[in-house]
file query.txt (compact mmCIF, C-alpha atoms)
# COMPACT_ATOMS: atom_id res chain seq x y z
CA MET A 232 138.50 96.52 64.36
CA SER A 233 135.68 98.46 65.95
CA SER A 234 136.44 100.90 68.76
CA LYS A 235 136.94 99.36 72.17
CA LYS A 236 133.98 99.12 74.51
CA VAL A 237 134.59 100.79 77.86
CA ILE A 238 134.01 98.57 80.89
CA GLU A 239 134.19 99.98 84.42
CA LEU A 240 134.85 97.66 87.36
CA PHE A 241 133.82 99.13 90.72
CA PHE A 242 135.52 97.18 93.50
CA ASP A 243 136.60 96.91 97.13
CA VAL A 244 139.32 94.51 98.31
CA VAL A 245 137.25 93.42 101.32
CA SER A 246 134.99 91.43 98.98
CA PRO A 247 136.22 87.93 98.01
CA TYR A 248 133.67 87.56 95.21
CA THR A 249 134.99 90.80 93.75
CA TRP A 250 138.52 89.35 93.68
CA LEU A 251 137.19 86.65 91.34
CA GLY A 252 135.55 89.23 89.07
CA PHE A 253 138.64 91.42 89.17
CA GLU A 254 140.96 88.62 88.02
CA VAL A 255 138.59 87.53 85.26
CA MET A 256 138.27 91.05 83.87
CA CYS A 257 142.03 91.55 84.00
CA ARG A 258 142.47 88.29 82.05
CA TYR A 259 139.87 89.24 79.43
CA ARG A 260 141.25 92.74 78.99
CA ASN A 261 143.57 91.39 76.29
CA VAL A 262 141.07 88.86 74.91
CA TRP A 263 138.00 91.01 74.34
CA ASN A 264 137.96 94.30 72.44
CA ILE A 265 137.53 96.35 75.61
CA GLU A 266 139.06 99.18 77.60
CA LEU A 267 138.94 98.17 81.27
CA LYS A 268 138.78 100.97 83.83
CA LEU A 269 139.36 100.09 87.48
CA ARG A 270 137.19 102.10 89.89
CA PRO A 271 138.20 101.68 93.55
CA ALA A 272 135.21 102.42 95.79
CA PHE A 273 133.99 101.65 99.33
CA LEU A 274 131.67 98.68 99.79
CA GLY A 275 130.55 99.88 103.23
CA GLY A 276 129.21 103.05 101.62
CA ILE A 277 127.42 101.00 98.96
CA MET A 278 125.70 98.82 101.56
CA GLN A 279 124.63 101.84 103.59
CA GLY A 280 123.58 103.91 100.60
CA SER A 281 121.53 101.10 99.03
CA GLY A 282 120.06 99.80 102.29
CA ASN A 283 121.49 96.33 101.61
CA LYS A 284 122.63 93.85 104.27
CA PRO A 285 125.75 91.66 103.90
CA PRO A 286 124.90 87.98 103.21
CA GLY A 287 127.42 87.00 105.88
CA LEU A 288 125.07 88.32 108.58
CA VAL A 289 122.67 85.42 107.89
CA PRO A 290 124.22 82.31 109.56
CA ASN A 291 123.28 79.78 106.87
CA LYS A 292 124.36 82.13 104.08
CA PHE A 293 127.66 82.70 105.87
CA LEU A 294 128.36 78.96 106.14
CA TYR A 295 127.44 78.45 102.50
CA MET A 296 129.58 81.40 101.42
CA MET A 297 132.71 79.95 103.03
CA LYS A 298 132.23 76.60 101.22
CA ASP A 299 131.28 78.35 98.00
CA LEU A 300 134.41 80.51 98.01
CA ASN A 301 136.63 77.47 98.35
CA ARG A 302 135.06 75.87 95.26
CA LEU A 303 135.11 79.13 93.31
CA GLY A 304 138.77 79.76 94.14
CA GLN A 305 139.70 76.46 92.52
CA TYR A 306 137.46 77.04 89.50
CA PHE A 307 138.69 80.59 88.89
CA ASP A 308 142.31 79.73 89.80
CA VAL A 309 142.42 82.44 92.47
CA PRO A 310 144.15 81.51 95.77
CA LEU A 311 141.13 82.18 97.99
CA LYS A 312 141.45 81.03 101.57
CA SER A 313 139.10 82.24 104.25
CA PRO A 314 140.69 84.27 107.08
CA SER A 315 140.56 82.74 110.57
CA ASP A 316 137.84 85.26 111.54
CA PRO A 317 136.05 86.37 108.35
CA PHE A 318 133.46 88.34 110.31
CA GLU A 319 136.13 90.44 111.99
CA ALA A 320 138.04 90.95 108.74
CA MET A 321 135.00 92.00 106.72
CA PHE A 322 132.74 93.76 109.20
CA LYS A 323 134.77 94.87 112.22
CA LYS A 324 138.02 95.94 110.56
CA GLY A 325 136.62 96.74 107.13
CA SER A 326 138.48 98.32 104.24
CA LEU A 327 138.10 102.11 104.39
CA SER A 328 141.81 102.85 104.92
CA ALA A 329 142.77 100.25 102.31
CA MET A 330 140.47 101.68 99.65
CA ARG A 331 141.62 105.23 100.38
CA PHE A 332 145.15 103.96 99.86
CA VAL A 333 144.19 102.35 96.52
CA ALA A 334 142.46 105.58 95.46
CA ALA A 335 145.67 107.45 96.37
CA VAL A 336 147.69 105.05 94.20
CA GLN A 337 145.42 105.79 91.25
CA GLU A 338 145.63 109.53 91.86
CA MET A 339 149.41 109.67 92.28
CA LYS A 340 150.57 107.10 89.74
CA GLY A 341 147.94 107.62 87.04
CA GLY A 342 146.56 104.75 84.98
CA ASP A 343 145.57 101.38 86.40
CA GLU A 344 148.77 99.30 86.32
CA HIS A 345 149.77 100.04 89.91
CA VAL A 346 146.14 100.03 91.07
CA GLU A 347 145.84 96.47 89.78
CA GLN A 348 149.06 95.33 91.45
CA VAL A 349 148.41 96.97 94.82
CA SER A 350 144.79 95.79 94.91
CA ARG A 351 145.84 92.22 94.15
CA GLU A 352 148.36 92.29 97.00
CA LEU A 353 145.72 93.61 99.41
CA TRP A 354 143.28 90.89 98.36
CA ARG A 355 146.04 88.34 98.80
CA ARG A 356 146.70 89.57 102.34
CA ILE A 357 143.12 89.37 103.57
CA TRP A 358 141.76 86.47 101.47
CA SER A 359 144.80 84.23 101.10
CA GLU A 360 147.30 84.96 103.87
CA ASP A 361 144.96 85.94 106.75
CA LYS A 362 146.75 89.26 107.28
CA ASP A 363 145.64 92.77 108.19
CA ILE A 364 144.86 95.44 105.56
CA THR A 365 143.97 98.31 107.89
CA GLN A 366 147.26 99.46 109.40
CA PRO A 367 149.85 101.69 107.65
CA ALA A 368 152.48 98.93 107.99
CA SER A 369 150.13 96.47 106.27
CA LEU A 370 149.42 98.86 103.41
CA SER A 371 153.15 99.54 103.08
CA GLU A 372 153.97 95.84 102.86
CA ALA A 373 151.36 95.28 100.15
CA ALA A 374 152.58 98.29 98.17
CA MET A 375 156.20 97.17 98.45
CA LYS A 376 155.29 93.73 97.09
CA ALA A 377 153.52 95.53 94.25
CA GLY A 378 156.81 97.20 93.33
CA LEU A 379 156.46 100.67 94.83
CA SER A 380 159.42 102.34 96.52
CA ALA A 381 159.63 103.34 100.20
CA SER A 382 159.47 107.05 99.31
CA GLU A 383 156.42 106.51 97.08
CA ILE A 384 154.70 104.53 99.82
CA GLU A 385 155.32 107.25 102.39
CA GLU A 386 153.84 109.83 100.04
CA LEU A 387 150.85 107.57 99.35
CA LEU A 388 150.14 107.03 103.05
CA ASN A 389 150.04 110.81 103.55
CA LEU A 390 147.92 111.34 100.46
CA SER A 391 145.45 108.60 101.48
CA THR A 392 144.39 110.57 104.57
CA SER A 393 143.87 113.84 102.67
CA LYS A 394 140.48 115.42 102.01
CA GLN A 395 141.19 115.12 98.29
CA ILE A 396 141.35 111.32 98.42
CA LYS A 397 138.52 110.97 100.91
CA ASP A 398 136.33 112.99 98.55
CA LYS A 399 137.55 111.00 95.53
CA LEU A 400 136.55 107.69 97.14
CA LYS A 401 133.18 109.11 98.21
CA SER A 402 132.56 110.38 94.69
CA THR A 403 133.37 107.03 93.04
CA THR A 404 131.20 105.21 95.58
CA GLN A 405 128.33 107.59 94.80
CA GLU A 406 128.86 106.97 91.07
CA ALA A 407 128.41 103.25 91.69
CA LEU A 408 125.22 103.95 93.67
CA ASP A 409 123.98 106.14 90.82
CA HIS A 410 124.43 103.16 88.49
CA GLY A 411 122.19 101.17 90.83
CA ALA A 412 124.83 99.37 92.92
CA PHE A 413 123.81 97.33 95.95
CA GLY A 414 127.04 95.33 96.28
CA PHE A 415 130.29 94.45 94.53
CA PRO A 416 131.61 93.54 92.07
CA LEU A 417 129.74 96.04 89.94
CA ILE A 418 130.63 95.95 86.26
CA VAL A 419 129.30 98.68 83.99
CA CYS A 420 129.57 98.12 80.23
CA HIS A 421 129.16 101.12 77.96
CA VAL A 422 127.63 99.87 74.73
CA ASN A 423 126.21 102.09 71.98
CA GLY A 424 125.89 105.03 74.33
CA LYS A 425 124.07 102.96 76.94
CA ALA A 426 125.35 101.76 80.33
CA GLU A 427 124.60 98.11 81.12
CA MET A 428 125.09 97.13 84.77
CA PHE A 429 126.08 93.64 85.93
CA PHE A 430 126.41 92.55 89.55
CA GLY A 431 128.45 89.61 90.79
CA SER A 432 131.14 87.27 89.49
CA ASP A 433 128.70 84.92 87.73
CA ARG A 434 127.36 87.09 84.92
CA PHE A 435 130.25 86.96 82.48
CA GLU A 436 128.50 84.81 79.87
CA LEU A 437 125.55 87.20 79.74
CA MET A 438 127.86 90.21 79.75
CA ALA A 439 129.85 88.78 76.83
CA HIS A 440 126.61 88.32 74.88
CA CYS A 441 125.60 91.93 75.55
CA ILE A 442 128.92 93.37 74.34
CA GLY A 443 129.25 91.03 71.36
CA GLU A 444 132.15 88.97 72.70
CA LYS A 445 132.68 85.29 73.49
CA TRP A 446 133.00 83.84 77.00
CA VAL A 447 135.34 80.84 77.15
CA GLY A 448 135.48 80.36 80.92
CA PRO A 449 137.36 82.03 83.76
CA GLN A 450 140.79 81.17 82.34
CA PRO A 451 140.66 82.24 78.67
CA ASN A 452 144.32 81.55 77.91
CA ARG A 453 144.02 77.98 79.19
CA SER A 454 140.77 77.50 77.25
CA ALA A 455 142.42 78.77 74.05
CA ALA A 456 145.32 76.36 74.53
CA ARG A 457 142.89 73.42 74.60
CA LEU A 458 141.18 74.40 71.33
call {"tool": "encode", "arguments": {"input": "query.txt", "output": "structure tokens"}}
result
Amino acid sequence: MSSKKVIELFFDVVSPYTWLGFEVMCRYRNVWNIELKLRPAFLGGIMQGSGNKPPGLVPNKFLYMMKDLNRLGQYFDVPLKSPSDPFEAMFKKGSLSAMRFVAAVQEMKGGDEHVEQVSRELWRRIWSEDKDITQPASLSEAAMKAGLSASEIEELLNLSTSKQIKDKLKSTTQEALDHGAFGFPLIVCHVNGKAEMFFGSDRFELMAHCIGEKWVGPQPNRSAARL
């Protein structure tokens, strides 16, 4: 078997479309010959740094997005449910403290196993259960559901406010901008010494073609069972 292709997924848990891409890449990690690297970053910094504007600020786009997410949640088998006030959740509260916490998890625990679990619980809170992701108690609850201990969570909360983690998140966000990011999810495939960038959760078929793999839909295990 040829060496695994490295794929980086830059993400922020405030983005529902990124949750779809995140789950798909986690599913394909054991289907394709790839090494998936999770890269927690800050979407607010991406929007500011690229000069982009959130689609939710355009009324018709916002209405479409809410309907679209409901359909996509069913198709991708991700329990997406819009919060009661999506505008407040995405734009007023934001995700800076949450993403610093995820960056702290990656720094303290090493590897991506706990990053995946904590991120999924944060996504579930905001985009399935209509709960807060900004307060320390909210972050603690998500981390506990992800299997971390009370002492680990306390250490992570302290670490997440440190200059080290703030700088780490800024650095990863800048890396995404350097790749050409203007939103999330941003997926960067390293193929034959070249970085190929893909934006969004609807480019998997093209991405598979570029890395020499086969796309069999958003639920590869279910697709394989039908063959």
call {"tool": "residues_around", "arguments": {"input": "query.txt", "residues": "A:Tyr306", "least_positions_apart": "4", "cutoff": "9 Å", "atoms": "all atoms listed in the file", "output": "ChimeraX atom specification"}}
result
/A:301-302,449-450
call {"tool": "residues_around", "arguments": {"input": "query.txt", "residues": "stretch 343-359 of chain A", "least_positions_apart": "3", "cutoff": "8 Å", "atoms": "all atoms listed in the file", "output": "ChimeraX atom specification"}}
result
/A:244-245,247,250,268-269,310-314,320,329,333-334,336-337,340,362-364,370,373-374,376-377
call {"tool": "write_last_selection", "arguments": {"input": "query.txt", "atoms": "C-alpha atoms", "output": "short mmCIF file (atom, residue, chain, number, x, y, z; two decimals), in the frame of the given file"}}
result
data_model
loop_
_atom_site.label_atom_id
_atom_site.label_comp_id
_atom_site.auth_asym_id
_atom_site.auth_seq_id
_atom_site.Cartn_x
_atom_site.Cartn_y
_atom_site.Cartn_z
CA VAL A 244 139.32 94.51 98.31
CA VAL A 245 137.25 93.42 101.32
CA PRO A 247 136.22 87.93 98.01
CA TRP A 250 138.52 89.35 93.68
CA LYS A 268 138.78 100.97 83.83
CA LEU A 269 139.36 100.09 87.48
CA PRO A 310 144.15 81.51 95.77
CA LEU A 311 141.13 82.18 97.99
CA LYS A 312 141.45 81.03 101.57
CA SER A 313 139.10 82.24 104.25
CA PRO A 314 140.69 84.27 107.08
CA ALA A 320 138.04 90.95 108.74
CA ALA A 329 142.77 100.25 102.31
CA VAL A 333 144.19 102.35 96.52
CA ALA A 334 142.46 105.58 95.46
CA VAL A 336 147.69 105.05 94.20
CA GLN A 337 145.42 105.79 91.25
CA LYS A 340 150.57 107.10 89.74
CA LYS A 362 146.75 89.26 107.28
CA ASP A 363 145.64 92.77 108.19
CA ILE A 364 144.86 95.44 105.56
CA LEU A 370 149.42 98.86 103.41
CA ALA A 373 151.36 95.28 100.15
CA ALA A 374 152.58 98.29 98.17
CA LYS A 376 155.29 93.73 97.09
CA ALA A 377 153.52 95.53 94.25
#
call {"tool": "closest_residue", "arguments": {"input": "query.txt", "among": "A:Trp263, A:Thr365, A:Phe253, A:Ser234", "to": "A:Val447", "atoms": "all atoms listed in the file"}}
result
A:Trp263
call {"tool": "atom_distance", "arguments": {"input": "query.txt", "atom1": "atom CA of A:Thr392", "atom2": "atom CA of A:Ala335"}}
result
8.9 Å
call {"tool": "closest_residue", "arguments": {"input": "query.txt", "among": "A:Leu387, A:Leu379, A:Leu417, A:Ala407", "to": "A:Gly252", "atoms": "all atoms listed in the file"}}
result
A:Leu417
call {"tool": "atom_distance", "arguments": {"input": "query.txt", "atom1": "atom CA of A:Leu251", "atom2": "atom CA of A:Asp361"}}
result
17.3 Å
call {"tool": "atom_distance", "arguments": {"input": "query.txt", "atom1": "atom CA of A:Phe332", "atom2": "atom CA of A:Leu408"}}
result
20.9 Å
call {"tool": "residues_near_point", "arguments": {"input": "query.txt", "point": "(133.7, 93.8, 107.5)", "cutoff": "10 Å", "atoms": "only C-alpha atoms", "output": "MDAnalysis selection string"}}
result
chainID A and resid 245:246 274:275 285 287 317:327
call {"tool": "residues_around", "arguments": {"input": "query.txt", "residues": "A:Ala439", "least_positions_apart": "4", "cutoff": "12 Å", "atoms": "only C-alpha atoms", "output": "JSON, numbers by chain"}}
result
{"A": [236, 238, 256, 259, 262, 263, 264, 265, 418, 420, 422, 427, 429, 433, 434, 435, 443, 444, 445, 446, 447, 448]}
call {"tool": "closest_residue", "arguments": {"input": "query.txt", "among": "A:Ser281, A:Arg258, A:Leu294, A:Ser328", "to": "A:Ser393", "atoms": "all atoms listed in the file"}}
result
A:Ser328
call {"tool": "closest_atom_pairs", "arguments": {"input": "query.txt", "of": "stretch 337-391 of chain A", "to": "stretch 399-405 of chain A", "cutoff": "12 Å", "atoms": "all atoms listed in the file", "output": "CSV"}}
result
residue,atom,partner,partner_atom,distance
A:Gln337,CA,A:Lys399,CA,10.4
A:Glu338,CA,A:Lys399,CA,9.0
A:Leu390,CA,A:Lys399,CA,11.5
A:Ser391,CA,A:Leu400,CA,9.9
call {"tool": "closest_residue", "arguments": {"input": "query.txt", "among": "A:Asn283, A:Val237, A:Gly378, A:Leu288", "to": "A:Lys425", "atoms": "only C-alpha atoms"}}
result
A:Val237
call {"tool": "decode", "arguments": {"input": "query.txt", "residues": "stretch 415-448 of chain A", "atoms": "N, CA, C and O atoms", "output": "short mmCIF file (atom, residue, chain, number, x, y, z; two decimals), in the first residue's frame"}}
result
data_model
loop_
_atom_site.label_atom_id
_atom_site.label_comp_id
_atom_site.auth_asym_id
_atom_site.auth_seq_id
_atom_site.Cartn_x
_atom_site.Cartn_y
_atom_site.Cartn_z
N PHE A 415 -15.09 28.10 6.47
CA PHE A 415 -14.89 26.71 6.87
C PHE A 415 -16.09 25.86 6.48
O PHE A 415 -17.20 26.40 6.37
N PRO A 416 -15.92 24.54 6.26
CA PRO A 416 -14.70 23.80 6.47
C PRO A 416 -13.67 24.05 5.37
O PRO A 416 -14.02 24.22 4.21
N LEU A 417 -12.42 24.03 5.75
CA LEU A 417 -11.31 24.09 4.82
C LEU A 417 -10.57 22.77 4.91
O LEU A 417 -10.11 22.40 5.99
N ILE A 418 -10.47 22.07 3.80
CA ILE A 418 -9.78 20.78 3.76
C ILE A 418 -8.59 20.92 2.83
O ILE A 418 -8.75 21.32 1.67
N VAL A 419 -7.41 20.63 3.35
CA VAL A 419 -6.19 20.73 2.56
C VAL A 419 -5.59 19.34 2.39
O VAL A 419 -5.23 18.68 3.37
N CYS A 420 -5.52 18.89 1.14
CA CYS A 420 -4.97 17.57 0.81
C CYS A 420 -3.56 17.74 0.28
O CYS A 420 -3.33 18.50 -0.66
N HIS A 421 -2.64 17.02 0.88
CA HIS A 421 -1.24 17.08 0.45
C HIS A 421 -0.96 15.89 -0.47
O HIS A 421 -0.87 14.74 -0.01
N VAL A 422 -0.84 16.17 -1.75
CA VAL A 422 -0.68 15.12 -2.75
C VAL A 422 0.54 15.42 -3.61
O VAL A 422 0.64 16.49 -4.23
N ASN A 423 1.48 14.48 -3.62
CA ASN A 423 2.70 14.60 -4.43
C ASN A 423 3.41 15.94 -4.20
O ASN A 423 3.83 16.62 -5.14
N GLY A 424 3.52 16.30 -2.92
CA GLY A 424 4.24 17.51 -2.56
C GLY A 424 3.48 18.79 -2.83
O GLY A 424 4.04 19.89 -2.71
N LYS A 425 2.21 18.67 -3.19
CA LYS A 425 1.40 19.84 -3.52
C LYS A 425 0.18 19.89 -2.61
O LYS A 425 -0.43 18.87 -2.32
N ALA A 426 -0.19 21.09 -2.16
CA ALA A 426 -1.36 21.26 -1.30
C ALA A 426 -2.57 21.65 -2.15
O ALA A 426 -2.54 22.66 -2.86
N GLU A 427 -3.60 20.81 -2.09
CA GLU A 427 -4.85 21.10 -2.80
C GLU A 427 -5.91 21.52 -1.78
O GLU A 427 -6.20 20.78 -0.85
N MET A 428 -6.49 22.71 -1.96
CA MET A 428 -7.46 23.24 -1.02
C MET A 428 -8.88 23.02 -1.51
O MET A 428 -9.19 23.22 -2.68
N PHE A 429 -9.76 22.58 -0.58
CA PHE A 429 -11.17 22.41 -0.88
C PHE A 429 -11.98 23.11 0.20
O PHE A 429 -11.72 22.94 1.39
N PHE A 430 -12.97 23.88 -0.23
CA PHE A 430 -13.84 24.58 0.71
C PHE A 430 -15.24 23.98 0.68
O PHE A 430 -15.77 23.66 -0.39
N GLY A 431 -15.83 23.82 1.86
CA GLY A 431 -17.22 23.39 1.93
C GLY A 431 -17.39 21.90 2.19
O GLY A 431 -16.43 21.13 2.17
N SER A 432 -18.65 21.52 2.41
CA SER A 432 -18.97 20.11 2.69
C SER A 432 -19.63 19.45 1.49
O SER A 432 -20.36 18.47 1.62
N ASP A 433 -19.37 19.99 0.28
CA ASP A 433 -19.97 19.43 -0.94
C ASP A 433 -18.93 19.21 -2.03
O ASP A 433 -19.26 19.22 -3.22
N ARG A 434 -17.69 18.99 -1.62
CA ARG A 434 -16.61 18.80 -2.60
C ARG A 434 -15.92 17.44 -2.44
O ARG A 434 -14.83 17.23 -2.96
N PHE A 435 -16.57 16.52 -1.77
CA PHE A 435 -15.91 15.25 -1.45
C PHE A 435 -15.66 14.38 -2.69
O PHE A 435 -14.65 13.69 -2.77
N GLU A 436 -16.58 14.41 -3.63
CA GLU A 436 -16.40 13.61 -4.85
C GLU A 436 -15.20 14.09 -5.64
O GLU A 436 -14.37 13.29 -6.11
N LEU A 437 -15.08 15.40 -5.77
CA LEU A 437 -13.92 15.98 -6.47
C LEU A 437 -12.63 15.73 -5.69
O LEU A 437 -11.60 15.40 -6.27
N MET A 438 -12.70 15.87 -4.38
CA MET A 438 -11.53 15.63 -3.54
C MET A 438 -11.05 14.19 -3.68
O MET A 438 -9.85 13.93 -3.81
N ALA A 439 -12.00 13.25 -3.66
CA ALA A 439 -11.65 11.83 -3.81
C ALA A 439 -10.93 11.60 -5.14
O ALA A 439 -9.93 10.87 -5.21
N HIS A 440 -11.43 12.22 -6.19
CA HIS A 440 -10.81 12.09 -7.51
C HIS A 440 -9.37 12.60 -7.48
O HIS A 440 -8.45 11.97 -8.02
N CYS A 441 -9.17 13.73 -6.81
CA CYS A 441 -7.83 14.35 -6.77
C CYS A 441 -6.82 13.53 -5.97
O CYS A 441 -5.63 13.59 -6.24
N ILE A 442 -7.29 12.78 -4.97
CA ILE A 442 -6.36 11.99 -4.15
C ILE A 442 -6.36 10.51 -4.54
O ILE A 442 -5.72 9.68 -3.88
N GLY A 443 -7.08 10.17 -5.60
CA GLY A 443 -7.08 8.80 -6.09
C GLY A 443 -7.88 7.84 -5.24
O GLY A 443 -7.53 6.65 -5.14
N GLU A 444 -8.96 8.32 -4.64
CA GLU A 444 -9.82 7.47 -3.82
C GLU A 444 -11.24 7.48 -4.39
O GLU A 444 -11.53 8.22 -5.35
N LYS A 445 -12.11 6.67 -3.81
CA LYS A 445 -13.48 6.56 -4.30
C LYS A 445 -14.47 7.10 -3.28
O LYS A 445 -14.44 6.73 -2.11
N TRP A 446 -15.35 7.99 -3.74
CA TRP A 446 -16.41 8.54 -2.89
C TRP A 446 -17.66 7.68 -3.05
O TRP A 446 -18.14 7.45 -4.15
N VAL A 447 -18.18 7.19 -1.92
CA VAL A 447 -19.37 6.34 -1.97
C VAL A 447 -20.50 6.93 -1.12
O VAL A 447 -21.35 6.21 -0.62
N GLY A 448 -20.50 8.27 -0.98
CA GLY A 448 -21.55 8.93 -0.24
C GLY A 448 -21.12 9.28 1.17
O GLY A 448 -20.05 8.90 1.64
#
